[in-house]
Amino acid sequence: MDSIKGWMDANRITEVECLIPDFTGNARGKIIPASKFLREGGMRLPEVIFIQTVTGDYPDDDSMIDPLERDMHLFPDPNTIRFVPWALEPTAQVIHDCFDTSGNLIDIAPRSVLRRVLSCFDKQGWKPVVAPELEFYLVKRNEDADYPLVPPIGRNGRPETARQSFSIDAVNEFDPIFEDMYDYCEAQNLEVDTLVHESGAAQMEINFLHGDAIDLADQVFLFKRTMREAAHRHGIYATFMAKPMSDEPGSAMHIHQSLVDGEGRNLFGTEDGGHTELFLHFIAGLQKYTPAVTALLAPNVNSYRRLTFGESAPRNVQWGVENRTCGLRVPYSDANARRVENRFAGADANPYLALAATLACGYLGIQERLQPLPEMKTSAYDLPYSLPRTLEEALSHLEQCDPIKEMLGERFVQAFVAVKRKEYETYFGVISRWEREFLLLNV
């Protein structure tokens with residue numbers, strides 16, 4: 001706490017937003033006066049917070065939670081303290097880790113799940129390096145959920161109607177928003193890199209500089225909050241739904257990943273430009289286990305509108321060099337930058353759980369010395385769809401895969417499946433406009 005206190009004193013912080021990410025990837029926690037935060041050195045929250053659904057309900061099966069609903073002990077990670085740049089008073093935000101009374105990490109907390117997977121690499125003397133690419137849409141304010149989302153009005157007074165892939169002028173339509181976004185990111189030390197206009201109307205992509213998996217998950221978690229705030233201040237929404245508009249492409253969170261040894265040497269590329277056996281095992285693990293972790297990469301009902309029916313979304317587990325039709329793309333690079341890009345995850349995925357899932361798959365491939373399918377040198381879209389088609393199907397794959405449950409933690413998987421199954425059931429309790437329009441008088 002000494003480093004936190006010094007930083008807070010130097011910046012005259014008056015309040016602290018104490019944060020933890022929930023299963024959905026939203027910020028939960030408390031806002032505490034700075035003096036109380038420094039005096040107590042942590043806070044408490046009930047563990048049951050992790051099994052609350054996105055609708056505020058709880059699953060029918062809550063057997064994985066202590067019936068007394070005991071409190072967790074939350075302690076701040078000093079590496080995560082940052083300004084809240086949009087606050088009126090000097091305010092800090094800090095991400096916390098969750099512990100039980102014996103000092104053990106709470107195994108169902110998303111940050112703990114990622115730490116659990118990273119510990120497996122650490123025991124081997126390896127360190128994953130990741131670089132997420134996050135897509136999102138800017139949309140007009142939508143105050144009535146019965147109306148579909150539409151693109152917002154830009155500086156020229158008109159909404160985007162045509163596809164504007166990589167258009168500079170289309171990005172400039174929203175310059176005031178992105179100027180705020182970059183200012184907010186700089187104030188929080190969020191290492192955002194390239195901003196591009198994607199193929200959808202008012203769809204953007206932000207890239208993050210590569211680095212440590214926990215740090216990058218933290219940055220994506222905070223960026224989503226930051227981007228929403230910047231958009232709100234200009235009267236529009238930023239949404240990370242996987243498929244917010246029926247006639248537009250979905251939004252992904254592509255994850256570039258590699259492994260380095262204790263000396264920082266890339267373990268995936270050979271000096272002559274080839275792939276190491278370790279790299280091929282890693283890819284094979286992704287091919288074998290991606291169906292089992294799809295629920296973590298595509299965690300919502302809406303996610304499957306992107307995966308199953310979306311444009312440019314991967315259809316299967318093929319891999320290829322510079323082949324964007326594959327779910328596992330290997331960009332051209334020298335040996336020091338050899339990596340694989342996982343293109344399955346949606347923008348709606350919890351970054352901690354998505355990183356844990358993809359790294360767990362690769363690790364299992366290495367441990368089992370799996371061999372990948374032959375490299376795909378034509379369009380992978382020509383091959384059949386081979387991923388789960390619904391959230392319910394994906395949850396069944398997850399709960400039936402013992403190696404993945406061991407990697408992520410049995411209790412976490414039980415809790416995650418229970419929460420997402422409840423959300424799936426709640427969704428099917430709502431009768432859609434399509435059903436009323438086409439079935440009411442025709443069946």
# chains A, B, ... in the order shown; residues from 1 in each chain; ligands from 1
$ residues_around --residues "Pro148 in chain A" --least-positions-apart "2" --cutoff "10 Å" --atoms "only C-alpha atoms" --output "mmCIF file with C-alpha atoms, in the first residue's frame"
data_model
loop_
_atom_site.group_PDB
_atom_site.id
_atom_site.type_symbol
_atom_site.label_atom_id
_atom_site.label_comp_id
_atom_site.auth_asym_id
_atom_site.auth_seq_id
_atom_site.Cartn_x
_atom_site.Cartn_y
_atom_site.Cartn_z
ATOM 1 C CA ASN A 142 -31.362 4.045 -28.164
ATOM 2 C CA ASP A 144 -36.409 2.162 -26.424
ATOM 3 C CA ALA A 145 -35.149 -1.410 -26.693
ATOM 4 C CA ASP A 146 -37.959 -2.259 -29.162
ATOM 5 C CA VAL A 150 -28.763 2.709 -36.126
ATOM 6 C CA PRO A 244 -25.527 -5.129 -32.717
ATOM 7 C CA MET A 245 -27.120 -4.602 -36.156
ATOM 8 C CA SER A 246 -28.574 -7.322 -38.334
#
$ residues_around --residues "Asp212 in chain A" --least-positions-apart "4" --cutoff "7 Å" --atoms "only C-alpha atoms" --output "ChimeraX atom specification"
/A:128-130,216
$ closest_atom_pairs --of "range 199-313 of chain A" --to "range 175-184 of chain A" --cutoff "10 Å" --atoms "only C-alpha atoms" --output "Markdown table"
| residue | atom | partner | partner_atom | distance |
| --- | --- | --- | --- | --- |
| A:Phe223 | CA | A:Met181 | CA | 8.9 |
| A:Thr226 | CA | A:Met181 | CA | 6.9 |
| A:Met227 | CA | A:Met181 | CA | 6.1 |
| A:Arg228 | CA | A:Met181 | CA | 9.2 |
| A:Glu229 | CA | A:Met181 | CA | 8.5 |
| A:Ala230 | CA | A:Met181 | CA | 5.7 |
| A:Ala231 | CA | A:Ile177 | CA | 6.0 |
| A:His232 | CA | A:Ile177 | CA | 9.1 |
| A:Arg233 | CA | A:Ile177 | CA | 8.0 |
| A:His234 | CA | A:Ile177 | CA | 6.7 |
| A:Gly235 | CA | A:Ile177 | CA | 9.9 |
| A:Ile236 | CA | A:Ile177 | CA | 9.5 |
$ select_by_dssp --residues "range 88-296 of chain A" --states "strand (DSSP E)" --output "VMD selection string"
chain A and resid 91 to 99 127 to 140 192 to 197 203 to 208 211 to 212 236 to 239 253 to 260
$ residues_around --residues "Ser3 in chain A" --least-positions-apart "2" --cutoff "12 Å" --atoms "only C-alpha atoms" --output "count of residues only"
14
$ closest_residue --among "A:Leu387, A:Ala170, A:Thr194, A:Leu370" --to "Phe344 in chain A" --atoms "only C-alpha atoms"
A:Leu387
$ residues_around --residues "Phe282 in chain A" --least-positions-apart "5" --cutoff "6 Å" --atoms "only C-alpha atoms" --output "tab-separated table (two decimals) with N, CA and C atoms, in the first residue's frame"
chain	number	residue	atom	x	y	z
A	362	GLY	N	-3.89	-23.63	-26.05
A	362	GLY	CA	-2.53	-23.78	-26.55
A	362	GLY	C	-1.65	-24.57	-25.62
A	365	GLY	N	-2.33	-28.21	-25.91
A	365	GLY	CA	-1.74	-28.74	-27.14
A	365	GLY	C	-0.27	-29.07	-26.97
A	366	ILE	N	0.45	-28.20	-26.24
A	366	ILE	CA	1.87	-28.44	-25.97
A	366	ILE	C	2.05	-29.66	-25.08
$ select_by_dssp --residues "range 119-268 of chain A" --states "alpha helix (DSSP H)" --output "ChimeraX atom specification"
/A:119-123,168-172,175-187,213-232
$ residues_around --residues "Cys98 in chain A" --least-positions-apart "2" --cutoff "7 Å" --atoms "only C-alpha atoms" --output "number ranges by chain"
A: 72-75, 96, 105-106, 109
$ residues_around --residues "range 42-55 of chain A" --least-positions-apart "3" --cutoff "8 Å" --atoms "only C-alpha atoms" --output "PyMOL selection string"
chain A and resi 22-24+29+37+58-59+62+65+69-76+108-109+415-416+418-420+422-423
$ write_last_selection --atoms "N, CA and C atoms" --output "mmCIF file, in the first residue's frame"
data_model
loop_
_atom_site.group_PDB
_atom_site.id
_atom_site.type_symbol
_atom_site.label_atom_id
_atom_site.label_comp_id
_atom_site.auth_asym_id
_atom_site.auth_seq_id
_atom_site.Cartn_x
_atom_site.Cartn_y
_atom_site.Cartn_z
ATOM 1 N N ASP A 22 -16.670 -8.587 -13.346
ATOM 2 C CA ASP A 22 -17.560 -9.730 -13.153
ATOM 3 C C ASP A 22 -17.476 -10.652 -14.368
ATOM 4 N N PHE A 23 -18.330 -11.678 -14.416
ATOM 5 C CA PHE A 23 -18.283 -12.628 -15.534
ATOM 6 C C PHE A 23 -18.498 -11.936 -16.879
ATOM 7 N N THR A 24 -19.388 -10.930 -16.903
ATOM 8 C CA THR A 24 -19.676 -10.239 -18.148
ATOM 9 C C THR A 24 -18.520 -9.349 -18.564
ATOM 10 N N GLY A 29 -17.971 -3.072 -7.656
ATOM 11 C CA GLY A 29 -17.123 -2.634 -6.554
ATOM 12 C C GLY A 29 -17.750 -1.528 -5.735
ATOM 13 N N PHE A 37 -9.987 4.363 2.250
ATOM 14 C CA PHE A 37 -9.317 3.356 1.432
ATOM 15 C C PHE A 37 -7.910 3.089 1.958
ATOM 16 N N TYR A 58 -30.245 -14.668 -10.660
ATOM 17 C CA TYR A 58 -29.278 -15.667 -10.191
ATOM 18 C C TYR A 58 -29.653 -17.028 -10.754
ATOM 19 N N PRO A 59 -28.691 -17.897 -11.021
ATOM 20 C CA PRO A 59 -29.000 -19.210 -11.604
ATOM 21 C C PRO A 59 -29.769 -20.094 -10.634
ATOM 22 N N ASP A 62 -27.101 -22.858 -7.585
ATOM 23 C CA ASP A 62 -26.103 -22.017 -6.928
ATOM 24 C C ASP A 62 -25.291 -22.816 -5.915
ATOM 25 N N ILE A 65 -21.712 -21.923 -4.531
ATOM 26 C CA ILE A 65 -21.529 -20.791 -3.626
ATOM 27 C C ILE A 65 -21.901 -21.206 -2.208
ATOM 28 N N GLU A 69 -23.303 -17.108 1.882
ATOM 29 C CA GLU A 69 -22.936 -15.960 1.062
ATOM 30 C C GLU A 69 -21.819 -15.151 1.724
ATOM 31 N N ARG A 70 -20.736 -15.823 2.026
ATOM 32 C CA ARG A 70 -19.622 -15.185 2.734
ATOM 33 C C ARG A 70 -18.983 -14.075 1.903
ATOM 34 N N ASP A 71 -18.384 -13.133 2.601
ATOM 35 C CA ASP A 71 -17.661 -12.056 1.948
ATOM 36 C C ASP A 71 -16.301 -12.524 1.451
ATOM 37 N N MET A 72 -15.869 -11.929 0.344
ATOM 38 C CA MET A 72 -14.493 -12.058 -0.122
ATOM 39 C C MET A 72 -13.692 -10.893 0.452
ATOM 40 N N HIS A 73 -12.401 -11.105 0.593
ATOM 41 C CA HIS A 73 -11.490 -10.030 0.984
ATOM 42 C C HIS A 73 -10.782 -9.547 -0.273
ATOM 43 N N LEU A 74 -10.968 -8.290 -0.601
ATOM 44 C CA LEU A 74 -10.431 -7.726 -1.823
ATOM 45 C C LEU A 74 -9.265 -6.793 -1.505
ATOM 46 N N PHE A 75 -8.155 -7.016 -2.216
ATOM 47 C CA PHE A 75 -6.970 -6.194 -2.001
ATOM 48 C C PHE A 75 -6.517 -5.595 -3.326
ATOM 49 N N PRO A 76 -6.130 -4.311 -3.321
ATOM 50 C CA PRO A 76 -5.775 -3.627 -4.567
ATOM 51 C C PRO A 76 -4.464 -4.126 -5.161
ATOM 52 N N ILE A 108 -13.328 -18.409 -8.652
ATOM 53 C CA ILE A 108 -14.308 -18.093 -9.689
ATOM 54 C C ILE A 108 -14.176 -16.644 -10.173
ATOM 55 N N ALA A 109 -13.277 -15.858 -9.602
ATOM 56 C CA ALA A 109 -13.053 -14.488 -10.058
ATOM 57 C C ALA A 109 -12.316 -14.531 -11.404
ATOM 58 N N ALA A 415 -19.849 -22.555 -12.096
ATOM 59 C CA ALA A 415 -20.505 -21.260 -11.886
ATOM 60 C C ALA A 415 -20.793 -20.568 -13.216
ATOM 61 N N PHE A 416 -19.828 -20.570 -14.114
ATOM 62 C CA PHE A 416 -20.004 -19.905 -15.408
ATOM 63 C C PHE A 416 -21.139 -20.554 -16.198
ATOM 64 N N ALA A 418 -23.661 -22.252 -15.067
ATOM 65 C CA ALA A 418 -24.949 -21.984 -14.411
ATOM 66 C C ALA A 418 -25.441 -20.585 -14.747
ATOM 67 N N VAL A 419 -24.556 -19.596 -14.713
ATOM 68 C CA VAL A 419 -24.939 -18.211 -15.013
ATOM 69 C C VAL A 419 -25.376 -18.079 -16.467
ATOM 70 N N LYS A 420 -24.588 -18.609 -17.378
ATOM 71 C CA LYS A 420 -24.897 -18.448 -18.798
ATOM 72 C C LYS A 420 -26.114 -19.270 -19.219
ATOM 73 N N LYS A 422 -28.692 -19.762 -17.286
ATOM 74 C CA LYS A 422 -29.819 -18.957 -16.811
ATOM 75 C C LYS A 422 -30.092 -17.803 -17.780
ATOM 76 N N GLU A 423 -29.047 -17.162 -18.280
ATOM 77 C CA GLU A 423 -29.236 -16.083 -19.243
ATOM 78 C C GLU A 423 -29.879 -16.613 -20.530
#
$ closest_residue --among "A:Cys361, A:Ala349, A:Leu328, A:Val317" --to "Leu383 in chain A" --atoms "only C-alpha atoms"
A:Val317
$ atom_distance --atom1 "CA of Leu138 in chain A" --atom2 "CA of Ala238 in chain A"
4.6 Å
$ residues_around --residues "Asp382 in chain A" --least-positions-apart "3" --cutoff "10 Å" --atoms "only C-alpha atoms" --output "ChimeraX atom specification"
/A:315,325,378-379,385
$ atom_distance --atom1 "CA of Pro21 in chain A" --atom2 "CA of Asp218 in chain A"
9.0 Å
